[in-house]
Amino acid sequence: MRLQSISAGLLALALSAMLTACAVGPNYRRPSADVGAVYEGAADWKPSEPADVLDRGPWWRIFGDPVLDALERRVDVSNQTIKSAGAAVEQARALVREARAGFWPTLSLKLGRQRTTTLGVSRTLNSLGVGGSWNLDVWGGVRRSAESSKDTEQASRAALAAATLSVQAELASDYFALRAQDRLQALLADTVAAEQRSLAIA
């Protein structure tokens, strides 16, 4: 009798351990930091508020340069870095859709047709098969997978926005550096011409 109660207790303990081991992670809660009431640093500091996903729009138009405007519009179309980041966003969106599909039942339909000839007699066999399955998300694995895919999609969108802004800024910087070199070359040409005129007068 005592052996049966010990085995029943061990069985219940093992069963509860197996059931809790199948659960996938608790909901994430941001850890609280014990920070003092007063910070003795500079008054101009403010908390970080990342906004990488925000569209910056055509910010280069503030320079009023039609050549720069035309070049910047071509960046989105022809730059491989931006295309690669855009493809990563599309892939992440597809993974989100795939992960969310795990919440729903799956159905399958199989059609078949087989023609056989035996001893001069031909037969046609038609077949139709229907199947279905539904994996209930009891332990939260599908939900966690969908959350992870959504987070990956957000990170990919932020990377695309950052890559676009970086390429646009690099193009603008290079363009203005080239314009400055053009101005410098024109100034040097004017200086040489003025020196030649001075030599001709002397």
# chains A, B, ... in the order shown; residues from 1 in each chain; ligands from 1
call {"tool": "select_by_dssp", "arguments": {"residues": "segment 41-172 of chain A", "states": "alpha helix (DSSP H)", "output": "VMD selection string"}}
result
chain A and resid 66 to 78 80 to 101 141 to 172
call {"tool": "residues_around", "arguments": {"residues": "Val96 of chain A", "least_positions_apart": "5", "cutoff": "10 Å", "atoms": "only C-alpha atoms", "output": "VMD selection string"}}
result
chain A and resid 90 to 91 101 145 to 153
call {"tool": "write_last_selection", "arguments": {"atoms": "C-alpha atoms", "output": "PDB file, in the first residue's frame"}}
result
ATOM      1  CA  GLU A  90       9.795  40.713 -47.841  1.00  0.00           C
ATOM      2  CA  GLN A  91      11.312  37.473 -46.555  1.00  0.00           C
ATOM      3  CA  ALA A 101      -0.623  30.037 -40.436  1.00  0.00           C
ATOM      4  CA  SER A 145       7.254  31.596 -33.172  1.00  0.00           C
ATOM      5  CA  ALA A 146       4.814  34.209 -34.517  1.00  0.00           C
ATOM      6  CA  GLU A 147       6.087  36.790 -32.015  1.00  0.00           C
ATOM      7  CA  SER A 148       9.686  36.051 -32.985  1.00  0.00           C
ATOM      8  CA  SER A 149       8.881  36.371 -36.691  1.00  0.00           C
ATOM      9  CA  LYS A 150       7.107  39.688 -36.080  1.00  0.00           C
ATOM     10  CA  ASP A 151      10.127  41.016 -34.171  1.00  0.00           C
ATOM     11  CA  THR A 152      12.405  39.915 -37.012  1.00  0.00           C
ATOM     12  CA  GLU A 153      10.162  41.736 -39.490  1.00  0.00           C
TER      13      GLU A 153
END
call {"tool": "select_by_dssp", "arguments": {"residues": "segment 84-195 of chain A", "states": "strand (DSSP E)", "output": "list in words"}}
result
Thr106, Leu107, Ser108, Leu109, Lys110, Leu111, Gly112, Arg113, Gln114, Arg115, Thr116, Thr117, Thr118, Val121, Ser122, Arg123, Thr124, Leu125, Asn126, Ser127, Leu128, Gly129, Val130, Gly131, Gly132 and Ser133 of chain A
call {"tool": "atom_distance", "arguments": {"atom1": "atom CA of Asp65 of chain A", "atom2": "atom CA of Ser84 of chain A"}}
result
28.3 Å
call {"tool": "residues_around", "arguments": {"residues": "Ala87 of chain A", "least_positions_apart": "4", "cutoff": "12 Å", "atoms": "only C-alpha atoms", "output": "mmCIF file with N, CA and C atoms, in the first residue's frame"}}
result
data_model
loop_
_atom_site.group_PDB
_atom_site.id
_atom_site.type_symbol
_atom_site.label_atom_id
_atom_site.label_comp_id
_atom_site.auth_asym_id
_atom_site.auth_seq_id
_atom_site.Cartn_x
_atom_site.Cartn_y
_atom_site.Cartn_z
ATOM 1 N N GLN A 80 21.972 48.340 -54.838
ATOM 2 C CA GLN A 80 21.875 46.933 -54.436
ATOM 3 C C GLN A 80 21.745 46.759 -52.923
ATOM 4 N N THR A 81 22.319 47.664 -52.157
ATOM 5 C CA THR A 81 22.191 47.582 -50.695
ATOM 6 C C THR A 81 20.731 47.727 -50.286
ATOM 7 N N ILE A 82 20.054 48.692 -50.895
ATOM 8 C CA ILE A 82 18.636 48.918 -50.577
ATOM 9 C C ILE A 82 17.788 47.756 -51.088
ATOM 10 N N LYS A 83 18.126 47.242 -52.271
ATOM 11 C CA LYS A 83 17.368 46.094 -52.797
ATOM 12 C C LYS A 83 17.515 44.878 -51.888
ATOM 13 N N GLN A 91 11.118 38.814 -47.115
ATOM 14 C CA GLN A 91 11.312 37.473 -46.555
ATOM 15 C C GLN A 91 10.773 37.409 -45.126
ATOM 16 N N ALA A 92 11.033 38.440 -44.336
ATOM 17 C CA ALA A 92 10.547 38.464 -42.950
ATOM 18 C C ALA A 92 9.024 38.501 -42.916
ATOM 19 N N ARG A 93 8.410 39.239 -43.835
ATOM 20 C CA ARG A 93 6.938 39.281 -43.891
ATOM 21 C C ARG A 93 6.371 37.911 -44.242
ATOM 22 N N ALA A 94 7.032 37.214 -45.162
ATOM 23 C CA ALA A 94 6.584 35.863 -45.521
ATOM 24 C C ALA A 94 6.706 34.914 -44.331
ATOM 25 N N GLU A 153 10.663 40.847 -38.432
ATOM 26 C CA GLU A 153 10.162 41.736 -39.490
ATOM 27 C C GLU A 153 10.392 43.201 -39.122
ATOM 28 N N SER A 156 13.959 44.022 -39.623
ATOM 29 C CA SER A 156 14.284 44.125 -41.051
ATOM 30 C C SER A 156 13.800 45.445 -41.627
ATOM 31 N N ARG A 157 12.608 45.892 -41.197
ATOM 32 C CA ARG A 157 12.117 47.192 -41.678
ATOM 33 C C ARG A 157 13.007 48.325 -41.189
ATOM 34 N N ALA A 159 16.189 48.046 -40.498
ATOM 35 C CA ALA A 159 17.444 47.943 -41.254
ATOM 36 C C ALA A 159 17.287 48.526 -42.653
ATOM 37 N N LEU A 160 16.116 48.320 -43.278
ATOM 38 C CA LEU A 160 15.860 48.901 -44.598
ATOM 39 C C LEU A 160 15.845 50.419 -44.525
#
call {"tool": "atom_distance", "arguments": {"atom1": "atom CA of Asn126 of chain A", "atom2": "atom CA of Gln114 of chain A"}}
result
6.5 Å
call {"tool": "residues_around", "arguments": {"residues": "Val67 of chain A", "least_positions_apart": "6", "cutoff": "12 Å", "atoms": "only C-alpha atoms", "output": "PyMOL selection string"}}
result
chain A and resi 60-61+73-74+171-172+175-176+179
call {"tool": "atom_distance", "arguments": {"atom1": "atom CA of Arg100 of chain A", "atom2": "atom CA of Trp134 of chain A"}}
result
13.2 Å
